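Trainee: Sharing a structure, written as structure tokens. Questions coming.
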2 protein chains.
Amino acid sequence: MARAPTTTDAFNAIAEPRRRQIIDLLAGAGERAVGDLVGALRLPQPAVSKHLGVLRSVRIVSVSRRGRRRMYRLNARELKPVHDWVKTYERFWSHQLGRIKERAEQKAREGSSQPNKP
Amino acid sequence: MARAPTTTDAFNAIAEPRRRQIIDLLAGAGERAVGDLVGALRLPQPAVSKHLGVLRSVRIVSVSRRGRRRMYRLNARELKPVHDWVKTYERFWSHQLGRIKERAEQKAREGSSQPNKP
DNA sequence: TTGACACATTCCTATATGGGAATATTATGT
DNA sequence: ACATAATATTCCCATATAGGAATGTGTCAA
């Protein structure tokens with residue numbers, strides 16, 4: 001099998017930094033036209049359109065036509081799975097407290113894991 | 001340019017579901033040998049080794065030799081950039097409160113954005 | 001030493017990429 | 001109807017995959 005398409009899910013879609021930039025830009029504004037994004041990203045228009053296409057297909061953004069432009073808006077909820085997944089690791093770096101707690105949990109688990117030196 | 005290698009950063013590395021699984025498995029235990037992971041993932045050993053190689057090169061995991069096995073352990077801190085990025089979007093789906101707040105912010109921004117119907 | 005175990009690496013292939021260049025599509029103004 | 005603005009789509013290519021198969025490497029045990 002080859003690498004999963006970028007359009008597979010949010011995880012694959014946000015791997016590309018330009019797409020994260022687009023998301024960031026859309027988060028700071030209600031709507032943005034493509035040309036607007038092109039100006040901000042300093043990337044050729046077809047490239048931007050293609051990135052938007054990927055984000056559209058995983059529903060991270062949605063479009064609406066306004067005159068001859070297409071207004072893109074963020075649908076951040078699609079990022080929730082990413083957040084949910086990575087959030088479970090927050091305790092590994094937050095607070096001294098979290099680290100202590102984590103070490104305790106780990107220790108509690110350890111007795112049942114590698115009891116033997118082969 | 002082609003797609004960025006999976007070894008570029010954490011964002012690219014975690015796009016692959018199997019690698020997230022490996023991370024999840026390592027989070028639940030202090031250390032795990034490769035064969036152990038092979039058993040849990042039900043994936044051929046070379047495939048697992050290759051995924052571990054990717055995770056190693058972005059420092060999400062680290063290895064240590066113990067006898068003839070290699071013990072892998074999670075270095076979750078490398079996931080922090082992902083968490084930091086996605087966390088800024090949490091307000092978009094959490095609580096009614098968050099959403100209200102977010103809408104207010106958006107409204108505040110809007111006056112200065114698209115003042116004109118071309 | 002030899003054999004077996006635990007892993008890593010190499011070679012293979014189908015598939016998808018991101019950007020560049022060129023072209024197609026859609027809507028507006030005249 | 002026509003030119004033009006704003007976007008999308010298509011064709012191109014170098015590059016990198018994930019998995020399968022086969023092979024290499026290092027370590028223990030007898």
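Ligands are numbered from 1 in the order shown, chains are lettered A, B, ... in the order of the structure tokens, and residues start at 1 in each chain.
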Just want the 10 Å neighbourhood of DG20 (chain C), counted on only C-alpha atoms (C1' of nucleotides), with same-chain residues fewer than 5 positions away dropped. Output as a PDB file with N, CA and C atoms (P, O5', C5', C4', C3', O3' and C1' of nucleotides), in the first residue's frame.
Mentor:
```pdb
ATOM      1  N   PRO A  44       1.359  30.705  -5.472  1.00  0.00           N
ATOM      2  CA  PRO A  44       0.546  30.842  -6.677  1.00  0.00           C
ATOM      3  C   PRO A  44      -0.892  30.368  -6.460  1.00  0.00           C
ATOM      4  N   PRO A  46      -3.080  28.579  -8.175  1.00  0.00           N
ATOM      5  CA  PRO A  46      -3.474  27.171  -8.309  1.00  0.00           C
ATOM      6  C   PRO A  46      -3.054  26.328  -7.105  1.00  0.00           C
ATOM      7  N   ALA A  47      -1.908  26.621  -6.557  1.00  0.00           N
ATOM      8  CA  ALA A  47      -1.461  25.864  -5.387  1.00  0.00           C
ATOM      9  C   ALA A  47      -2.432  26.057  -4.224  1.00  0.00           C
TER      10      ALA A  47
ATOM     11  N   MET B   1       7.507  20.267  -6.056  1.00  0.00           N
ATOM     12  CA  MET B   1       7.911  19.542  -4.846  1.00  0.00           C
ATOM     13  C   MET B   1       6.954  18.391  -4.564  1.00  0.00           C
TER      14      MET B   1
ATOM     15  P    DC D  12       0.565  14.991 -19.849  1.00  0.00           P
ATOM     16  O5'  DC D  12       1.755  15.499 -18.909  1.00  0.00           O
ATOM     17  C5'  DC D  12       2.584  16.581 -19.361  1.00  0.00           C
ATOM     18  C4'  DC D  12       3.505  17.027 -18.260  1.00  0.00           C
ATOM     19  C3'  DC D  12       4.354  15.931 -17.645  1.00  0.00           C
ATOM     20  O3'  DC D  12       5.615  15.881 -18.309  1.00  0.00           O
ATOM     21  C1'  DC D  12       3.460  17.433 -15.990  1.00  0.00           C
ATOM     22  P    DC D  13       6.588  14.636 -18.041  1.00  0.00           P
ATOM     23  O5'  DC D  13       7.247  14.905 -16.615  1.00  0.00           O
ATOM     24  C5'  DC D  13       7.880  16.147 -16.343  1.00  0.00           C
ATOM     25  C4'  DC D  13       8.390  16.134 -14.916  1.00  0.00           C
ATOM     26  C3'  DC D  13       9.063  14.812 -14.527  1.00  0.00           C
ATOM     27  O3'  DC D  13      10.285  15.092 -13.870  1.00  0.00           O
ATOM     28  C1'  DC D  13       7.359  15.345 -12.975  1.00  0.00           C
TER      29       DC D  13
END
```
Trainee: Find the residues around region 15-19 of chain A up to 9 Å (only C-alpha atoms (C1' of nucleotides) counted), leave out those fewer than 5 positions away in its own chain, and share them as a short mmCIF file (atom, residue, chain, number, x, y, z; two decimals) with N, CA and C atoms, in the first residue's frame.
Mentor:
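The file below, result07.cif, is the result:
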```
data_model
loop_
_atom_site.label_atom_id
_atom_site.label_comp_id
_atom_site.auth_asym_id
_atom_site.auth_seq_id
_atom_site.Cartn_x
_atom_site.Cartn_y
_atom_site.Cartn_z
N THR A 6 -3.85 12.53 1.23
CA THR A 6 -4.02 13.66 2.15
C THR A 6 -5.49 13.92 2.45
N ALA A 10 -8.45 14.30 8.71
CA ALA A 10 -7.84 15.54 9.18
C ALA A 10 -6.36 15.35 9.48
N ASP A 24 -5.07 28.61 9.94
CA ASP A 24 -4.80 29.72 10.86
C ASP A 24 -5.38 31.03 10.33
N LEU A 41 -0.50 34.18 1.63
CA LEU A 41 0.42 33.03 1.63
C LEU A 41 1.59 33.21 0.68
N VAL A 48 -2.83 27.30 -4.03
CA VAL A 48 -3.77 27.58 -2.94
C VAL A 48 -5.09 26.87 -3.18
N HIS A 51 -4.77 23.26 -2.26
CA HIS A 51 -4.79 23.04 -0.82
C HIS A 51 -6.21 23.18 -0.27
N LEU A 52 -6.89 24.18 -0.78
CA LEU A 52 -8.27 24.36 -0.33
C LEU A 52 -9.13 23.16 -0.72
N VAL A 54 -8.16 20.07 -0.84
CA VAL A 54 -7.90 19.02 0.15
C VAL A 54 -8.67 19.31 1.44
N LEU A 55 -8.58 20.53 1.90
CA LEU A 55 -9.27 20.89 3.14
C LEU A 55 -10.78 20.76 2.99
N ARG B 3 5.31 15.51 -1.79
CA ARG B 3 4.82 15.54 -0.43
C ARG B 3 6.00 15.44 0.54
N ALA B 4 5.90 16.13 1.64
CA ALA B 4 6.99 16.09 2.61
C ALA B 4 7.11 14.69 3.20
N THR B 6 7.51 11.59 5.70
CA THR B 6 6.87 11.34 6.99
C THR B 6 7.82 11.64 8.14
N ASP B 9 8.47 15.86 10.44
CA ASP B 9 8.09 16.37 11.76
C ASP B 9 6.97 15.49 12.33
N ALA B 10 6.57 15.84 13.54
CA ALA B 10 5.54 15.04 14.21
C ALA B 10 4.23 15.03 13.43
N PHE B 11 3.88 16.16 12.84
CA PHE B 11 2.63 16.23 12.09
C PHE B 11 2.58 15.18 10.99
N ASN B 12 3.68 15.06 10.27
CA ASN B 12 3.70 14.07 9.20
C ASN B 12 3.78 12.65 9.76
N ALA B 13 4.52 12.48 10.81
CA ALA B 13 4.69 11.14 11.36
C ALA B 13 3.39 10.56 11.89
N ILE B 14 2.57 11.38 12.52
CA ILE B 14 1.35 10.84 13.14
C ILE B 14 0.18 10.76 12.18
N ALA B 15 0.42 11.11 10.93
CA ALA B 15 -0.68 11.01 9.97
C ALA B 15 -1.05 9.55 9.72
#
```
Trainee: Taking a cut-off of 7 Å and counting only C-alpha atoms (C1' of nucleotides), can you build a table that, for each residue of chain B near chain D, reports the nearest atom pair and how far apart they are in Å (one decimal), sorted by chain then residue number, as a tab-separated table?
Mentor:
```
residue	atom	partner	partner_atom	distance
B:Ala2	CA	D:DT15	C1'	5.4
B:Pro5	CA	D:DA16	C1'	6.3
B:Ala47	CA	D:DG19	C1'	6.7
B:Gly67	CA	D:DT27	C1'	6.9
B:Arg68	CA	D:DT27	C1'	5.2
```
Trainee: Those same residues, written as a PDB file, in the first residue's frame with N, CA and C atoms?
Mentor:
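Final output, part-v6.pdb:
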```
ATOM      1  N   ALA B   2       7.474  17.358  -3.993  1.00  0.00           N
ATOM      2  CA  ALA B   2       6.591  16.246  -3.643  1.00  0.00           C
ATOM      3  C   ALA B   2       6.109  16.411  -2.215  1.00  0.00           C
ATOM      4  N   PRO B   5       8.335  14.248   3.417  1.00  0.00           N
ATOM      5  CA  PRO B   5       8.541  12.925   4.022  1.00  0.00           C
ATOM      6  C   PRO B   5       7.851  12.801   5.370  1.00  0.00           C
ATOM      7  N   ALA B  47       7.211  -4.306   8.868  1.00  0.00           N
ATOM      8  CA  ALA B  47       6.353  -3.122   8.809  1.00  0.00           C
ATOM      9  C   ALA B  47       6.438  -2.344  10.119  1.00  0.00           C
ATOM     10  N   GLY B  67      19.370  -7.002  26.148  1.00  0.00           N
ATOM     11  CA  GLY B  67      19.604  -8.347  25.628  1.00  0.00           C
ATOM     12  C   GLY B  67      19.470  -8.314  24.132  1.00  0.00           C
ATOM     13  N   ARG B  68      18.754  -9.242  23.586  1.00  0.00           N
ATOM     14  CA  ARG B  68      18.629  -9.219  22.130  1.00  0.00           C
ATOM     15  C   ARG B  68      17.394  -8.467  21.671  1.00  0.00           C
TER      16      ARG B  68
END
```
Trainee: As an exercise, work out the distance from CA of Gly30 (chain B) to CA of Arg70 (chain B) in Å and give it to one decimal place.
Mentor: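 Computing the Euclidean distance for CA of Gly30 (chain B) and CA of Arg70 (chain B) yields 13.1 Å.
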Trainee: Counting only C-alpha atoms, which residues from chain B have an atom at most 7 Å from any atom of chain A, and could you show them as a PyMOL selection string?
Mentor: chain B and resi 11-12+15+29-30+76-77+83+86-87+89+92-93+106+109-110
Trainee: Would you save the residues from that selection as a short mmCIF file (atom, residue, chain, number, x, y, z; two decimals), in the first residue's frame, using N, CA and C atoms?
Mentor:
```cif
data_model
loop_
_atom_site.label_atom_id
_atom_site.label_comp_id
_atom_site.auth_asym_id
_atom_site.auth_seq_id
_atom_site.Cartn_x
_atom_site.Cartn_y
_atom_site.Cartn_z
N PHE B 11 3.88 16.16 12.84
CA PHE B 11 2.63 16.23 12.09
C PHE B 11 2.58 15.18 10.99
N ASN B 12 3.68 15.06 10.27
CA ASN B 12 3.70 14.07 9.20
C ASN B 12 3.78 12.65 9.76
N ALA B 15 0.42 11.11 10.93
CA ALA B 15 -0.68 11.01 9.97
C ALA B 15 -1.05 9.55 9.72
N ALA B 29 2.46 1.69 28.55
CA ALA B 29 3.50 0.87 29.18
C ALA B 29 4.80 1.65 29.20
N GLY B 30 5.64 1.33 30.12
CA GLY B 30 6.91 2.02 30.20
C GLY B 30 7.76 1.76 28.97
N ALA B 76 6.82 11.50 24.57
CA ALA B 76 5.60 12.20 24.17
C ALA B 76 5.79 13.69 23.99
N ARG B 77 6.82 14.22 24.58
CA ARG B 77 7.02 15.66 24.49
C ARG B 77 7.07 16.15 23.03
N HIS B 83 -0.10 19.42 19.74
CA HIS B 83 -1.10 19.82 20.73
C HIS B 83 -1.25 21.33 20.78
N VAL B 86 -3.23 22.56 17.67
CA VAL B 86 -4.65 22.22 17.59
C VAL B 86 -5.44 22.76 18.78
N LYS B 87 -4.75 23.00 19.86
CA LYS B 87 -5.40 23.49 21.06
C LYS B 87 -6.05 24.85 20.84
N TYR B 89 -7.78 25.73 18.64
CA TYR B 89 -9.08 25.59 18.00
C TYR B 89 -10.11 24.95 18.91
N PHE B 92 -13.63 26.21 19.43
CA PHE B 92 -14.64 26.13 18.38
C PHE B 92 -15.68 25.04 18.62
N TRP B 93 -15.34 24.09 19.48
CA TRP B 93 -16.33 23.03 19.70
C TRP B 93 -16.67 22.79 21.17
N GLN B 106 -15.47 36.92 16.69
CA GLN B 106 -15.58 36.98 15.24
C GLN B 106 -16.32 38.24 14.82
N ARG B 109 -14.29 41.27 15.00
CA ARG B 109 -13.33 41.37 13.91
C ARG B 109 -13.98 41.81 12.60
N GLU B 110 -15.24 41.49 12.46
CA GLU B 110 -15.84 41.57 11.13
C GLU B 110 -15.94 42.97 10.52
#
```
Trainee: Extract the full set of strand (DSSP E) residues from region 4-80 of chain B according to DSSP on the backbone, and format it as a ChimeraX atom specification.
Mentor: /B:32-33,61-66,69-74
Trainee: May I have the selected residues written with C-alpha atoms, as a PDB file, in the first residue's frame?
Mentor:
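Result file part-v6.pdb:
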```
ATOM      1  CA  ARG B  32       7.829  -2.403  24.896  1.00  0.00           C
ATOM      2  CA  ALA B  33       9.866  -4.728  22.782  1.00  0.00           C
ATOM      3  CA  VAL B  61      10.195   7.238  20.470  1.00  0.00           C
ATOM      4  CA  SER B  62      13.598   6.185  21.666  1.00  0.00           C
ATOM      5  CA  VAL B  63      15.214   2.778  21.834  1.00  0.00           C
ATOM      6  CA  SER B  64      17.467   0.986  24.204  1.00  0.00           C
ATOM      7  CA  ARG B  65      18.897  -2.466  23.848  1.00  0.00           C
ATOM      8  CA  ARG B  66      18.081  -5.016  26.412  1.00  0.00           C
ATOM      9  CA  ARG B  69      15.561  -7.084  22.114  1.00  0.00           C
ATOM     10  CA  ARG B  70      15.106  -3.405  21.561  1.00  0.00           C
ATOM     11  CA  MET B  71      12.941  -1.682  24.061  1.00  0.00           C
ATOM     12  CA  TYR B  72      11.005   1.254  22.753  1.00  0.00           C
ATOM     13  CA  ARG B  73       9.711   3.986  24.929  1.00  0.00           C
ATOM     14  CA  LEU B  74       7.555   6.982  24.204  1.00  0.00           C
TER      15      LEU B  74
END
```
Trainee: For CA of Ser57 (chain B) and C1' of DC7 (chain C), quote the distance in Å rounded to one decimal.
Mentor: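 Between these atoms lies a distance of 16.9 Å.
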Trainee: Tell me as a list in words which residues belonging to chain C come within 10 Å of chain B, counting only C-alpha atoms (C1' of nucleotides).
Mentor: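 Putting it all together, I get DC5, DA6, DC7, DA8, DT9, DA16, DT17, DG18, DG19, DG20 and DT28 of chain C.
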Trainee: If you measure from CA of Ile22 (chain B) to CA of Leu37 (chain B), what distance in Å do you get, rounded to one decimal?
Mentor: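 Those two atoms sit 7.3 Å apart.
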